[in-house]
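Peer 1: Structure file model-v1.txt (compact mmCIF, C-alpha atoms) right here:
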```txt
# COMPACT_ATOMS: atom_id res chain seq x y z
CA MET A 1 96.47 99.01 98.34
CA LYS A 2 95.37 95.38 98.53
CA ILE A 3 94.75 93.95 95.07
CA SER A 4 92.61 90.89 94.37
CA LEU A 5 91.75 89.00 91.24
CA CYS A 6 88.17 87.95 90.45
CA THR A 7 87.21 84.33 89.91
CA ILE A 8 84.67 85.56 87.35
CA SER A 9 87.69 85.99 85.07
CA PHE A 10 87.79 82.19 84.92
CA ARG A 11 84.06 81.69 84.34
CA HIS A 12 84.62 79.83 81.07
CA GLN A 13 87.70 77.88 82.09
CA LEU A 14 88.07 74.64 84.03
CA ILE A 15 90.69 75.73 86.57
CA ASP A 16 90.67 74.59 90.19
CA LEU A 17 90.39 77.32 92.82
CA LYS A 18 93.47 75.90 94.53
CA ASP A 19 95.52 76.46 91.38
CA ILE A 20 94.14 79.98 90.98
CA ALA A 21 95.13 80.69 94.59
CA PHE A 22 98.67 79.40 94.13
CA TRP A 23 99.08 81.54 91.01
CA ALA A 24 97.59 84.62 92.70
CA ARG A 25 99.95 84.22 95.66
CA ASP A 26 103.01 83.81 93.44
CA THR A 27 102.03 86.78 91.24
CA GLY A 28 101.65 89.28 94.08
CA PHE A 29 97.90 89.38 94.62
CA GLN A 30 96.68 89.60 98.20
CA GLY A 31 93.16 88.33 97.70
CA ILE A 32 90.59 86.54 95.58
CA GLU A 33 87.14 88.01 95.02
CA LEU A 34 84.74 85.11 94.70
CA TRP A 35 81.91 85.18 92.19
CA GLY A 36 78.73 84.02 93.92
CA VAL A 37 78.21 80.94 91.75
CA HIS A 38 81.79 79.85 92.44
CA ALA A 39 81.42 80.37 96.20
CA ARG A 40 78.22 78.32 96.25
CA ASN A 41 79.79 75.43 94.38
CA GLN A 42 82.85 74.93 96.58
CA SER A 43 82.44 72.31 99.27
CA PRO A 44 82.39 73.83 102.77
CA LEU A 45 84.53 70.86 103.82
CA ALA A 46 87.15 71.46 101.13
CA ILE A 47 90.56 72.92 101.90
CA HIS A 48 89.66 76.04 99.96
CA ASN A 49 88.36 78.03 102.91
CA ALA A 50 89.38 81.14 104.81
CA GLN A 51 92.03 79.37 106.87
CA TRP A 52 93.59 77.70 103.86
CA MET A 53 93.58 80.98 101.93
CA ALA A 54 95.19 82.77 104.85
CA ALA A 55 97.94 80.18 104.89
CA GLN A 56 98.70 81.21 101.32
CA GLY A 57 98.82 84.87 102.33
CA LEU A 58 95.45 85.50 100.68
CA SER A 59 92.04 86.71 101.81
CA ILE A 60 88.55 86.62 100.33
CA PRO A 61 87.55 90.28 100.66
CA MET A 62 84.16 90.02 98.97
CA ILE A 63 81.63 87.66 97.40
CA SER A 64 79.96 89.23 94.37
CA ASP A 65 76.42 88.16 93.60
CA TYR A 66 73.05 89.44 92.36
CA LEU A 67 70.29 89.63 94.92
CA PRO A 68 66.61 89.42 93.83
CA LEU A 69 65.27 92.76 95.02
CA GLN A 70 61.72 92.32 93.70
CA ASP A 71 60.71 89.38 95.90
CA ARG A 72 61.09 90.04 99.63
CA GLN A 73 60.83 86.41 100.69
CA GLU A 74 63.39 85.27 98.12
CA LEU A 75 65.57 88.29 98.91
CA THR A 76 65.58 87.30 102.58
CA ARG A 77 66.51 83.71 101.79
CA ARG A 78 69.21 84.57 99.28
CA THR A 79 70.76 87.33 101.41
CA ARG A 80 70.98 85.08 104.47
CA ALA A 81 72.57 82.34 102.37
CA LEU A 82 75.05 84.79 100.85
CA CYS A 83 75.96 86.13 104.28
CA ALA A 84 76.56 82.59 105.53
CA LEU A 85 78.84 81.96 102.56
CA ALA A 86 80.73 85.16 103.25
CA GLN A 87 81.30 84.08 106.85
CA THR A 88 82.53 80.66 105.70
CA TRP A 89 85.09 82.33 103.44
CA GLY A 90 86.01 85.09 105.88
CA ALA A 91 84.69 87.84 103.60
CA GLY A 92 83.48 91.04 105.18
CA LYS A 93 81.55 92.26 102.14
CA ILE A 94 78.84 91.03 99.78
CA ARG A 95 78.05 92.81 96.51
CA THR A 96 74.89 93.26 94.48
CA PHE A 97 73.36 95.65 91.91
CA ALA A 98 70.85 98.38 92.73
CA GLY A 99 68.02 96.98 90.66
CA MET A 100 67.84 96.46 86.91
CA GLN A 101 66.49 99.82 85.69
CA ALA A 102 68.40 102.93 84.68
CA SER A 103 68.02 105.83 87.09
CA ALA A 104 66.83 108.21 84.37
CA THR A 105 63.82 106.09 83.47
CA VAL A 106 62.88 104.22 86.64
CA PRO A 107 59.43 105.16 88.02
CA ALA A 108 59.43 106.72 91.48
CA ALA A 109 57.52 103.76 92.93
CA ASP A 110 60.12 101.31 91.61
CA ARG A 111 62.96 103.40 93.00
CA ALA A 112 61.29 103.41 96.40
CA GLN A 113 60.76 99.63 96.25
CA THR A 114 64.41 99.01 95.37
CA THR A 115 65.49 101.27 98.21
CA ARG A 116 63.32 99.37 100.69
CA ALA A 117 64.70 96.07 99.45
CA LEU A 118 68.29 97.24 99.82
CA ARG A 119 67.56 98.49 103.34
CA HIS A 120 66.15 95.07 104.22
CA ALA A 121 69.22 93.32 102.78
CA CYS A 122 71.42 95.73 104.74
CA ASP A 123 69.60 94.75 107.95
CA ILE A 124 70.43 91.10 107.28
CA ALA A 125 74.04 91.88 106.35
CA ALA A 126 74.49 93.94 109.50
CA ASP A 127 73.08 91.11 111.63
CA HIS A 128 75.89 88.95 110.21
CA GLY A 129 78.57 91.60 110.81
CA LEU A 130 78.88 92.32 107.08
CA ARG A 131 78.48 95.22 104.67
CA LEU A 132 76.32 95.18 101.55
CA LEU A 133 78.00 96.84 98.59
CA VAL A 134 76.10 98.30 95.65
CA GLU A 135 78.16 98.48 92.47
CA THR A 136 78.28 101.57 90.29
CA HIS A 137 76.86 100.05 87.12
CA PRO A 138 74.81 101.10 84.07
CA GLY A 139 71.16 100.17 84.05
CA THR A 140 70.84 100.44 87.83
CA LEU A 141 70.11 103.12 90.43
CA ALA A 142 73.88 103.55 90.80
CA ASP A 143 74.54 104.47 87.17
CA THR A 144 75.40 108.14 87.81
CA LEU A 145 77.00 109.97 90.71
CA ALA A 146 73.84 111.95 91.50
CA SER A 147 71.66 108.85 91.55
CA THR A 148 74.19 106.94 93.66
CA VAL A 149 74.28 109.70 96.28
CA ALA A 150 70.47 109.81 96.27
CA LEU A 151 70.38 106.04 96.75
CA ILE A 152 72.73 106.22 99.72
CA ASP A 153 70.61 108.95 101.31
CA ALA A 154 67.32 107.16 100.67
CA THR A 155 68.52 103.78 101.91
CA ASP A 156 69.88 105.41 105.06
CA HIS A 157 71.74 102.39 106.43
CA ASP A 158 75.25 102.17 107.88
CA ALA A 159 75.79 98.73 106.33
CA LEU A 160 75.34 100.08 102.79
CA ALA A 161 78.58 100.75 100.95
CA ILE A 162 79.77 101.24 97.38
CA ASN A 163 81.76 99.01 95.08
CA PHE A 164 83.30 101.74 92.94
CA ASP A 165 83.67 100.52 89.35
CA ALA A 166 85.66 103.38 87.84
CA LEU A 167 85.00 102.50 84.22
CA HIS A 168 81.25 102.36 84.75
CA VAL A 169 81.37 105.72 86.55
CA TRP A 170 83.14 107.11 83.48
CA GLU A 171 80.58 105.39 81.26
CA GLY A 172 77.81 107.16 83.17
CA GLY A 173 79.28 110.55 82.30
CA ASP A 174 80.99 111.39 85.59
CA ASP A 175 84.69 111.94 86.23
CA PRO A 176 85.86 108.98 88.36
CA VAL A 177 88.33 111.12 90.31
CA THR A 178 85.65 113.63 91.29
CA ALA A 179 83.07 110.90 91.91
CA ARG A 180 85.48 109.02 94.15
CA ARG A 181 86.10 112.10 96.27
CA THR A 182 82.36 112.55 96.70
CA LEU A 183 81.62 108.92 97.53
CA LEU A 184 84.81 108.19 99.49
CA PRO A 185 83.14 107.81 102.92
CA ARG A 186 81.01 105.00 101.47
CA ILE A 187 83.48 103.29 99.14
CA ALA A 188 84.50 99.89 100.50
CA HIS A 189 85.91 98.29 97.35
CA TYR A 190 87.01 99.12 93.81
CA HIS A 191 86.66 97.30 90.48
CA LEU A 192 89.20 98.22 87.83
CA LYS A 193 88.98 97.42 84.11
CA ASN A 194 89.32 99.32 80.83
CA VAL A 195 88.05 99.54 77.27
CA SER A 196 89.69 100.51 74.00
CA ASP A 197 87.12 103.16 73.11
CA ARG A 198 83.91 104.57 74.60
CA ALA A 199 81.99 103.12 71.65
CA ARG A 200 83.06 99.64 72.81
CA LEU A 201 81.52 99.91 76.30
CA PRO A 202 78.57 97.62 75.40
CA VAL A 203 81.09 94.75 75.40
CA PHE A 204 80.65 94.74 79.20
CA ALA A 205 76.89 94.15 79.05
CA PRO A 206 76.19 91.19 81.37
CA ALA A 207 74.58 89.06 78.66
CA ASN A 208 77.72 89.40 76.53
CA VAL A 209 80.16 88.92 79.38
CA TYR A 210 78.50 85.76 80.65
CA SER A 211 78.23 84.18 77.21
CA ALA A 212 81.09 81.86 76.32
CA ALA A 213 80.58 82.94 72.70
CA GLY A 214 80.38 86.63 73.57
CA CYS A 215 82.45 89.32 71.89
CA ARG A 216 85.66 90.35 73.69
CA THR A 217 86.71 93.09 71.24
CA GLY A 218 87.40 96.28 73.16
CA MET A 219 88.48 94.63 76.42
CA VAL A 220 92.03 95.82 76.97
CA PRO A 221 94.65 95.82 79.75
CA LEU A 222 94.09 98.39 82.47
CA MET A 223 96.70 100.95 81.44
CA GLU A 224 96.07 100.69 77.70
CA GLY A 225 92.45 101.79 77.47
CA ALA A 226 90.43 104.92 76.79
CA TYR A 227 90.21 105.85 80.46
CA ASP A 228 93.52 107.06 81.92
CA TYR A 229 93.82 105.50 85.38
CA ARG A 230 96.99 107.26 86.51
CA VAL A 231 95.44 110.12 88.50
CA LEU A 232 92.79 107.90 90.09
CA LEU A 233 95.30 105.23 91.14
CA ARG A 234 97.64 107.82 92.62
CA GLU A 235 94.83 109.34 94.70
CA MET A 236 93.74 105.90 95.86
CA TRP A 237 97.31 105.17 96.92
CA GLN A 238 97.79 108.52 98.65
CA ASP A 239 94.56 108.27 100.62
CA GLY A 240 95.74 105.14 102.40
CA PRO A 241 94.69 101.48 102.58
CA CYS A 242 92.00 100.35 100.17
CA GLU A 243 90.86 97.10 98.60
CA THR A 244 90.48 96.68 94.86
CA SER A 245 89.93 93.90 92.34
CA LEU A 246 91.16 93.63 88.78
CA GLU A 247 88.07 92.64 86.82
CA TRP A 248 89.23 91.06 83.57
CA PHE A 249 86.71 89.44 81.22
CA GLY A 250 88.85 88.87 78.14
CA ASP A 251 91.23 86.19 76.91
CA GLU A 252 94.78 85.46 78.15
CA VAL A 253 93.67 85.85 81.75
CA PHE A 254 96.91 84.97 83.52
CA GLN A 255 99.16 87.12 81.35
CA THR A 256 96.85 90.13 81.40
CA LEU A 257 96.37 90.07 85.17
CA LYS A 258 100.11 89.59 85.73
CA ASN A 259 100.92 92.61 83.57
CA ASP A 260 98.16 94.75 85.10
CA ILE A 261 99.23 94.20 88.69
CA ALA A 262 102.85 94.85 87.77
CA GLU A 263 101.93 98.17 86.14
CA ILE A 264 99.86 99.25 89.13
CA ARG A 265 102.70 98.41 91.49
CA ALA A 266 105.18 100.29 89.31
CA LEU A 267 102.92 103.36 89.15
CA THR A 268 102.30 103.53 92.88
CA ALA A 269 105.79 102.49 94.03
CA ALA A 270 107.12 106.03 93.70
CA GLU A 271 104.04 107.60 95.29
CA PRO A 272 104.29 108.54 98.99
CA THR A 273 101.47 107.34 101.21
CA ILE A 274 99.98 110.46 102.77
CA ALA A 275 96.74 109.09 104.16
CA GLY A 276 94.67 111.75 105.86
CA GLN A 277 96.42 114.70 104.25
CA THR A 278 94.32 114.87 101.09
CA GLY A 279 91.00 113.83 102.57
CA THR A 280 90.23 117.28 104.01
CA THR A 281 89.77 118.70 100.53
CA HIS A 282 87.28 116.06 99.42
CA GLN A 283 83.57 116.49 99.18
CA THR A 284 81.67 113.72 100.91
CA ALA A 285 78.53 111.81 100.17
CA SER A 286 75.84 112.17 102.75
CA ALA A 287 76.22 109.51 105.39
CA GLY A 288 72.46 109.17 105.53
```
In structure tokens, how does this file's structure come out?
Peer 2:
Amino acid sequence: MKISLCTISFRHQLIDLKDIAFWARDTGFQGIELWGVHARNQSPLAIHNAQWMAAQGLSIPMISDYLPLQDRQELTRRTRALCALAQTWGAGKIRTFAGMQASATVPAADRAQTTRALRHACDIAADHGLRLLVETHPGTLADTLASTVALIDATDHDALAINFDALHVWEGGDDPVTARRTLLPRIAHYHLKNVSDRARLPVFAPANVYSAAGCRTGMVPLMEGAYDYRVLLREMWQDGPCETSLEWFGDEVFQTLKNDIAEIRALTAAEPTIAGQTGTTHQTASAG
């Protein structure tokens, strides 16, 4: 299991990417997931590029951004630019959300439009040798397991993959372990975070997260929250290599991430890697 930290954790702090990379390397992380705004605001001539990261033993597995799916011309421009950034940083994946409407209330015409837009973005990503990841997230067409599977089928593109945010899957009412088994053929990345209580889940609403004055009550270390990650992490470990990011939005970033990665390593250290032996029992999402 390759574990990355997210630069979005430092969205309200003035910390140089070089210093974040040194700390990540020394703390046992293998990668850094770049938030789109951070990737766009690093000089392409700076030392903070794929080669420099590789020299630190780090990779940039994914750039996470938000593509404008309602405007085809702008979508084309932004997706091409994001793909170019991903190539500069050596990332093989770009991430977006599947629209901005909950699956239970979205009109059929809007669902079809979002699907067409994602297929178009997938075409561009594929032309650049990349995959486009849709994140499981509330208020989107990937807010429940059933809607996510339907989205994969409707988009019908090999470049489409899933960024599996376990807490948001749980928030949507599905069991993350079962959902992961179903979506496994399409999962290309994982986001891991936790909350103190289900009633506190609104703390992760984007408007609150992005606000420097936003509430952080309810954001807790990974193994201390309402969702018990032990079974999920063990299955991820047993099924073989995977890439995941610790997505921390609260205070005390360095200490929390250091403790979280140590607890994951301790949990999985005693687990044998038996890739391929458990996969035969899993349901699979339609490959489209």
Peer 1: Calculated over only C-alpha atoms, which of the candidates A:Asp123, A:Ser103, A:Trp248, A:Met62 has the smallest distance to Thr76 of chain A?
Peer 2: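 Comparing A:Asp123, A:Ser103, A:Trp248, A:Met62 against Thr76 of chain A, the winner is A:Asp123.
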Peer 1: With a distance cut-off of 10 Å and only C-alpha atoms, select the neighbouring residues of Leu133 of chain A, excluding the residue or stretch itself and same-chain residues fewer than 2 positions from it, and output the selection as a list of chain:residue names.
Peer 2: A:Met62, A:Ile63, A:Ser64, A:Lys93, A:Ile94, A:Arg95, A:Thr96, A:Phe97, A:Ala98, A:Leu118, A:Cys122, A:Leu130, A:Arg131, A:Glu135, A:Thr136, A:Ala159, A:Leu160, A:Ala161, A:Ile162, A:Asn163, A:Phe164, A:Arg186, A:Ile187, A:Ala188, A:His189
Peer 1: Nearest residue to Gly28 of chain A out of A:His191, A:Lys2, A:Arg111, A:His157, using all atoms listed in the file?
Peer 2: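 Closest to Gly28 of chain A, using all atoms listed in the file: A:Lys2.
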Peer 1: For a quick check of understanding, using all atoms listed in the file, which of A:Ile20, A:Leu34, A:Ile124, A:Val149 has the smallest distance to Arg77 of chain A?
Peer 2: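 Smallest distance to Arg77 of chain A is found for A:Ile124.
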Peer 1: Separation of atom CA of Phe249 of chain A and atom CA of Ala84 of chain A, in Å?
Peer 2: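 We find that atom CA of Phe249 of chain A and atom CA of Ala84 of chain A lie 27.2 Å from each other.
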Peer 1: Go through A:Thr217, A:Gln113, A:Asp228, A:Ala86 one by one, measure the shortest atom-to-atom distance of each to His128 of chain A using only C-alpha atoms, and give the residue with the smallest value.
Peer 2: A:Ala86
